[in-house]
$ cat work.txt   # compact mmCIF, C-alpha atoms and all ligand atoms
# COMPACT_ATOMS: atom_id res chain seq x y z
CA MET A 155 -7.41 -17.35 -4.91
CA PRO A 156 -3.77 -18.48 -5.02
CA PRO A 157 -1.10 -15.78 -5.29
CA PRO A 158 -0.05 -15.00 -8.85
CA PRO A 159 3.28 -16.38 -10.04
CA ALA A 160 6.25 -14.02 -9.75
CA THR A 161 6.19 -13.66 -13.51
CA ALA A 162 2.57 -12.39 -13.69
CA ALA A 163 2.48 -8.97 -15.32
CA VAL A 164 1.99 -6.29 -12.70
CA ARG A 165 -0.07 -3.40 -14.00
CA VAL A 166 -0.61 -0.15 -12.14
CA ARG A 167 -3.65 2.02 -12.78
CA ARG A 168 -5.71 4.67 -11.07
CA ALA A 169 -8.11 3.23 -8.46
CA GLU A 170 -11.84 3.16 -9.15
CA LEU A 171 -14.92 2.95 -6.94
CA SER A 172 -15.02 -0.80 -7.47
CA ASP A 173 -11.61 -1.08 -5.75
CA LEU A 174 -12.87 0.38 -2.45
CA ASP A 175 -13.51 -2.98 -0.75
CA ASP A 176 -10.03 -4.25 -1.63
CA LEU A 177 -8.40 -0.97 -0.57
CA VAL A 178 -10.11 -0.90 2.82
CA ALA A 179 -9.48 -4.61 3.48
CA LEU A 180 -5.76 -4.23 2.71
CA GLU A 181 -5.53 -1.10 4.87
CA LEU A 182 -7.10 -2.95 7.82
CA ALA A 183 -4.91 -6.01 7.33
CA THR A 184 -1.71 -3.97 6.97
CA PHE A 185 -1.68 -0.99 9.30
CA ALA A 186 -2.43 -0.93 13.03
CA SER A 187 -2.57 2.87 13.25
CA ASP A 188 -2.63 5.91 10.96
CA ARG A 189 -5.13 4.11 8.76
CA LEU A 190 -7.07 5.62 5.89
CA SER A 191 -10.81 5.10 6.40
CA ARG A 192 -13.22 4.05 3.67
CA ALA A 193 -14.57 7.62 3.59
CA GLN A 194 -11.07 9.01 3.15
CA TYR A 195 -10.30 6.58 0.31
CA ARG A 196 -13.64 7.49 -1.25
CA ARG A 197 -12.74 11.20 -1.15
CA HIS A 198 -9.23 10.63 -2.47
CA LEU A 199 -10.59 8.76 -5.50
CA ASP A 200 -12.19 11.96 -6.79
CA SER A 201 -9.68 14.47 -5.51
CA ASP A 202 -7.33 16.56 -7.63
CA SER A 203 -4.83 16.63 -4.80
CA ALA A 204 -4.66 12.85 -4.35
CA LEU A 205 -3.91 9.90 -6.57
CA VAL A 206 -4.80 6.37 -5.50
CA LEU A 207 -2.95 3.74 -7.51
CA VAL A 208 -3.80 0.06 -7.69
CA ALA A 209 -1.47 -2.74 -8.75
CA SER A 210 -3.08 -5.80 -10.25
CA ALA A 211 -2.00 -8.93 -12.03
CA ASN A 212 -3.27 -9.05 -15.56
CA HIS A 213 -5.75 -6.24 -14.84
CA ARG A 214 -7.92 -7.93 -12.20
CA HIS A 215 -6.30 -9.70 -9.26
CA PHE A 216 -5.78 -6.86 -6.71
CA LEU A 217 -2.19 -6.88 -5.41
CA GLY A 218 -1.56 -3.57 -3.69
CA THR A 219 -1.93 0.16 -3.56
CA ALA A 220 -0.10 3.45 -3.26
CA VAL A 221 -1.53 6.83 -2.34
CA VAL A 222 0.16 10.04 -3.51
CA PHE A 223 -0.72 13.54 -2.34
CA PHE A 224 -0.08 16.75 -4.25
CA ARG A 225 -0.29 20.28 -2.87
CA LYS A 226 -1.10 23.38 -4.86
CA GLY A 227 2.01 25.46 -5.31
CA SER A 228 4.33 22.66 -4.15
CA LYS A 229 6.72 20.84 -6.46
CA VAL A 230 7.18 18.07 -3.91
CA ALA A 231 4.70 15.19 -4.02
CA ARG A 232 4.16 12.91 -1.02
CA LEU A 233 3.92 9.15 -1.13
CA TYR A 234 1.47 8.83 1.72
CA SER A 235 0.80 5.10 1.69
CA LEU A 236 2.20 1.95 0.13
CA ALA A 237 1.07 -1.63 0.70
CA SER A 238 1.07 -4.91 -1.13
CA LYS A 239 -1.01 -7.90 -0.17
CA PRO A 240 0.95 -10.24 2.11
CA ASP A 241 0.79 -13.14 -0.37
CA ALA A 242 2.04 -10.88 -3.19
CA ARG A 243 5.16 -9.48 -1.50
CA GLY A 244 8.66 -9.95 -2.88
CA LYS A 245 7.43 -10.04 -6.49
CA GLY A 246 7.99 -6.45 -7.50
CA VAL A 247 4.53 -5.07 -6.66
CA GLY A 248 5.84 -2.44 -4.23
CA THR A 249 8.54 -1.42 -6.70
CA SER A 250 6.01 -1.05 -9.53
CA LEU A 251 3.77 1.08 -7.32
CA VAL A 252 6.59 3.42 -6.26
CA GLU A 253 7.75 3.75 -9.87
CA ALA A 254 4.18 4.56 -10.97
CA ALA A 255 3.91 7.15 -8.17
CA GLU A 256 7.15 8.74 -9.40
CA ALA A 257 5.89 8.81 -12.98
CA ALA A 258 2.64 10.46 -11.86
CA ALA A 259 4.56 13.06 -9.85
CA ARG A 260 6.76 13.81 -12.87
CA ARG A 261 3.65 14.26 -15.02
CA ARG A 262 2.46 16.82 -12.47
CA ARG A 263 5.83 18.57 -12.85
CA CYS A 264 6.93 17.72 -9.31
CA HIS A 265 10.68 17.64 -8.89
CA ALA A 266 10.75 15.37 -5.85
CA LEU A 267 8.79 12.63 -4.11
CA ARG A 268 8.86 12.55 -0.31
CA LEU A 269 7.70 9.90 2.14
CA GLU A 270 7.74 8.91 5.78
CA VAL A 271 8.51 5.43 7.06
CA ARG A 272 8.68 3.88 10.53
CA THR A 273 12.24 3.50 11.71
CA ASP A 274 11.62 -0.23 12.38
CA ASN A 275 10.08 -0.96 8.95
CA LEU A 276 13.20 -2.49 7.46
CA ALA A 277 11.49 -4.07 4.42
CA ALA A 278 10.10 -0.72 3.32
CA ILE A 279 13.36 1.12 4.10
CA ARG A 280 15.32 -1.37 1.97
CA LEU A 281 12.91 -0.92 -0.91
CA TYR A 282 13.03 2.89 -0.77
CA GLU A 283 16.83 3.01 -0.52
CA ARG A 284 17.18 0.56 -3.41
CA LEU A 285 14.99 2.91 -5.48
CA GLY A 286 17.19 5.92 -4.70
CA TYR A 287 15.41 7.56 -1.76
CA ARG A 288 17.66 9.41 0.67
CA ARG A 289 16.97 9.77 4.38
CA ASN A 290 16.90 13.43 5.36
CA ARG A 291 15.10 13.82 8.68
CA PHE A 292 14.25 12.00 11.91
CA LEU A 293 10.55 12.34 12.85
CA ASP A 294 10.25 11.94 16.61
CA GLY A 295 6.86 10.43 17.61
CA PHE A 296 5.52 11.00 14.12
CA TYR A 297 2.92 8.21 14.17
CA GLU A 298 -0.42 8.12 16.02
CA ASP A 299 0.90 5.42 18.35
CA GLY A 300 4.02 7.47 19.16
CA GLY A 301 6.30 5.54 16.81
CA ASN A 302 9.28 7.32 15.26
CA GLY A 303 9.77 7.81 11.56
CA TRP A 304 12.30 8.77 8.94
CA ARG A 305 11.60 11.17 6.13
CA TYR A 306 12.99 10.12 2.78
CA GLU A 307 13.11 12.06 -0.46
CA LYS A 308 14.09 11.39 -4.05
CA ALA A 309 14.78 13.96 -6.73
CA LEU A 310 12.80 13.14 -9.87
CA GLY A 311 14.89 13.64 -12.98
C1 LIG B 401 6.99 -2.53 1.96
C2 LIG B 401 6.13 -3.28 0.95
C3 LIG B 401 5.13 -2.32 0.33
C4 LIG B 401 7.03 -3.87 -0.13
O1 LIG B 401 6.19 -4.43 -1.13
P1 LIG B 401 6.67 -5.65 -2.08
O2 LIG B 401 5.55 -5.87 -3.02
O3 LIG B 401 7.15 -6.79 -1.28
O4 LIG B 401 7.91 -4.95 -2.81
P2 LIG B 401 8.85 -5.57 -3.93
O5 LIG B 401 8.45 -6.98 -4.22
O6 LIG B 401 8.90 -4.63 -5.06
O7 LIG B 401 10.24 -5.53 -3.21
C5 LIG B 401 10.48 -6.35 -2.08
C6 LIG B 401 11.69 -7.24 -2.32
O8 LIG B 401 11.38 -8.23 -3.25
C7 LIG B 401 12.42 -8.31 -4.25
N1 LIG B 401 11.80 -8.61 -5.55
C8 LIG B 401 11.21 -7.73 -6.37
N2 LIG B 401 10.77 -8.36 -7.49
C9 LIG B 401 11.07 -9.65 -7.33
C10 LIG B 401 10.86 -10.81 -8.12
N3 LIG B 401 10.23 -10.74 -9.30
N4 LIG B 401 11.27 -11.98 -7.63
C11 LIG B 401 11.91 -12.06 -6.44
N5 LIG B 401 12.14 -11.00 -5.63
C12 LIG B 401 11.73 -9.81 -6.09
C13 LIG B 401 13.01 -6.95 -4.30
O9 LIG B 401 14.36 -7.02 -4.70
C14 LIG B 401 12.84 -6.45 -2.92
O10 LIG B 401 13.96 -6.69 -2.14
P3 LIG B 401 14.63 -5.47 -1.37
O11 LIG B 401 13.58 -4.41 -1.18
O12 LIG B 401 15.09 -6.10 -0.13
O13 LIG B 401 15.70 -4.98 -2.25
C15 LIG B 401 5.38 -4.47 1.63
O14 LIG B 401 6.29 -5.23 2.39
C16 LIG B 401 4.24 -4.05 2.52
O15 LIG B 401 3.11 -3.87 2.07
N6 LIG B 401 4.50 -3.91 3.83
C17 LIG B 401 3.47 -3.52 4.80
C18 LIG B 401 3.06 -2.08 4.59
C19 LIG B 401 4.23 -1.14 4.69
O16 LIG B 401 5.09 -1.30 5.52
N7 LIG B 401 4.23 -0.12 3.82
C20 LIG B 401 5.25 0.90 3.79
C21 LIG B 401 4.85 1.97 4.71
S1 LIG B 401 5.96 3.34 4.60

$ encode --input "work.txt" --output "C-alpha cells"
Amino acid sequence: MPPPPATAAVRVRRAELSDLDDLVALELATFASDRLSRAQYRRHLDSDSALVLVASANHRHFLGTAVVFFRKGSKVARLYSLASKPDARGKGVGTSLVEAAEAAARRRRCHALRLEVRTDNLAAIRLYERLGYRRNRFLDGFYEDGGNGWRYEKALG
C-alpha cells in the first residue's frame, strides 16, 4: 500500500488484538535490541499498568505505535516505546503518538512523562525537545547492546 498523504488524518487509539501482527512487524523492522516480543505486547494489551497506542490514517492504515507504562503509587508515567513506520515518518505520526501518550498520562493523574532515548538517535531527540522534554540524566550503557541513553522528562500541566 502506498504511504498516506501528509494531510491524511492521523488518529490515535488504544491497540487491539488485531493490531498484534502490525505491532510485532514494526518492532522487528525498527529496533535491533531491547525489543518487545509478541508475548509482551499481548500482555500489555490487557494490562492496567500499560497502554499500547496505535496511530492510523483514517482508522485503518497502521502508521505507528507508542507504549506507555504506569506504576502504582507513581505520578510519573514512562513512554517506553515510540515508532512510526518508515514510509510514514515526517508527517506528524510520532508527534500525535507522544501527544496522545501525554493525554493518557494526564487522565491517569500523572504529573510527568519520562522517557529514555539513545544518545545517537537525533531524530527522536529533536522530536522530544520540540515537544518540551528536558534532558535530565545520562544513562551509561543503558541499552542491551551497551549503548548509552539520555533520560528526558516533561511536566504535564
Ligand atoms: C522518532 C520517530 C518516532 C519520529 O516519528 P515521526 O512520525 O517521523 O515524527 P513526526 O513526523 O511527528 O516528526 C518528525 C519530523 O517531521 C516534521 N513534521 C511533522 N508533521 C509534518 C508534516 N505534516 N509535514 C512535514 N513535516 C512534518 C516534524 O516537524 C518533525 O521534525 P523535527 O522533529 O525535526 O522537529 C521515528 O523517526 C521512528 O520511528 N524512529 C525509529 C524508532 C525510534 O527511534 N523511536 C524512538 C525511540 S526513543

$ axis_aligned_box --input "work.txt" --around "ligand LIG 401 (chain B)" --padding-each-side "8 Å" --output "lines of an AutoDock Vina configuration file"
center_x = 9.4
center_y = -4.4
center_z = -1.9
size_x = 28.6
size_y = 31.4
size_z = 30.8

$ atom_distance --input "work.txt" --atom1 "atom O2 of ligand LIG 401 (chain B)" --atom2 "CA of Lys245 in chain A"
5.7 Å

$ closest_residue --input "work.txt" --among "A:Arg305, A:Arg243, A:Arg261, A:Arg197" --to "ligand LIG 401 (chain B)" --atoms "only C-alpha atoms and all ligand atoms"
A:Arg243

$ closest_residue --input "work.txt" --among "A:Leu180, A:Leu293, A:Leu251, A:Leu310" --to "Val230 in chain A" --atoms "only C-alpha atoms"
A:Leu310

$ residues_around --input "work.txt" --residues "range 234-240 of chain A" --least-positions-apart "4" --cutoff "8 Å" --atoms "only C-alpha atoms" --output "PyMOL selection string"
chain A and resi 180-181+184+217-223+247-248+251-252+269-270

$ atom_distance --input "work.txt" --atom1 "CA of Val166 in chain A" --atom2 "atom O3 of ligand LIG 401 (chain B)"
14.9 Å

$ closest_residue --input "work.txt" --among "A:Glu307, A:Glu283, A:Asp294, A:Asp299" --to "ligand LIG 401 (chain B)" --atoms "all atoms listed in the file"
A:Glu283

$ build_atoms --input "work.txt" --residues "range 171-196 of chain A" --atoms "N, CA and C atoms" --output "compact mmCIF listing (two decimals), keeping the file's coordinate frame"
# COMPACT_ATOMS: atom_id res chain seq x y z
N LEU A 171 -13.98 3.25 -8.03
CA LEU A 171 -14.92 2.95 -6.94
C LEU A 171 -14.98 1.47 -6.62
N SER A 172 -14.89 0.64 -7.67
CA SER A 172 -15.02 -0.80 -7.47
C SER A 172 -13.82 -1.40 -6.72
N ASP A 173 -12.77 -0.60 -6.51
CA ASP A 173 -11.61 -1.08 -5.75
C ASP A 173 -11.75 -0.83 -4.25
N LEU A 174 -12.78 -0.06 -3.85
CA LEU A 174 -12.87 0.38 -2.45
C LEU A 174 -12.80 -0.77 -1.44
N ASP A 175 -13.51 -1.85 -1.71
CA ASP A 175 -13.51 -2.98 -0.75
C ASP A 175 -12.10 -3.54 -0.58
N ASP A 176 -11.40 -3.72 -1.70
CA ASP A 176 -10.03 -4.25 -1.63
C ASP A 176 -9.10 -3.27 -0.90
N LEU A 177 -9.26 -1.98 -1.19
CA LEU A 177 -8.40 -0.97 -0.57
C LEU A 177 -8.58 -0.96 0.95
N VAL A 178 -9.83 -0.97 1.39
CA VAL A 178 -10.11 -0.90 2.82
C VAL A 178 -9.66 -2.19 3.51
N ALA A 179 -9.89 -3.33 2.88
CA ALA A 179 -9.48 -4.61 3.48
C ALA A 179 -7.96 -4.66 3.62
N LEU A 180 -7.23 -4.19 2.62
CA LEU A 180 -5.76 -4.23 2.71
C LEU A 180 -5.27 -3.26 3.78
N GLU A 181 -5.90 -2.09 3.85
CA GLU A 181 -5.53 -1.10 4.87
C GLU A 181 -5.69 -1.70 6.28
N LEU A 182 -6.82 -2.36 6.50
CA LEU A 182 -7.10 -2.95 7.82
C LEU A 182 -6.11 -4.07 8.13
N ALA A 183 -5.80 -4.87 7.12
CA ALA A 183 -4.91 -6.01 7.33
C ALA A 183 -3.46 -5.57 7.51
N THR A 184 -3.12 -4.37 7.04
CA THR A 184 -1.71 -3.97 6.97
C THR A 184 -1.30 -3.04 8.10
N PHE A 185 -2.12 -2.03 8.38
CA PHE A 185 -1.68 -0.99 9.30
C PHE A 185 -2.48 -1.02 10.60
N ALA A 186 -1.77 -0.91 11.73
CA ALA A 186 -2.43 -0.93 13.03
C ALA A 186 -2.84 0.47 13.46
N SER A 187 -2.17 1.49 12.93
CA SER A 187 -2.57 2.87 13.25
C SER A 187 -2.37 3.72 12.01
N ASP A 188 -2.76 4.99 12.10
CA ASP A 188 -2.63 5.91 10.96
C ASP A 188 -3.29 5.35 9.71
N ARG A 189 -4.45 4.72 9.90
CA ARG A 189 -5.13 4.11 8.76
C ARG A 189 -5.96 5.11 7.98
N LEU A 190 -6.11 4.88 6.69
CA LEU A 190 -7.07 5.62 5.89
C LEU A 190 -8.42 4.91 6.02
N SER A 191 -9.47 5.68 6.28
CA SER A 191 -10.81 5.10 6.40
C SER A 191 -11.42 4.93 5.00
N ARG A 192 -12.51 4.21 4.94
CA ARG A 192 -13.22 4.05 3.67
C ARG A 192 -13.64 5.42 3.12
N ALA A 193 -14.13 6.29 4.02
CA ALA A 193 -14.57 7.62 3.59
C ALA A 193 -13.40 8.42 3.03
N GLN A 194 -12.25 8.29 3.66
CA GLN A 194 -11.07 9.01 3.15
C GLN A 194 -10.65 8.47 1.78
N TYR A 195 -10.61 7.14 1.63
CA TYR A 195 -10.30 6.58 0.31
C TYR A 195 -11.30 7.08 -0.73
N ARG A 196 -12.57 7.06 -0.33
CA ARG A 196 -13.64 7.49 -1.25
C ARG A 196 -13.39 8.92 -1.74
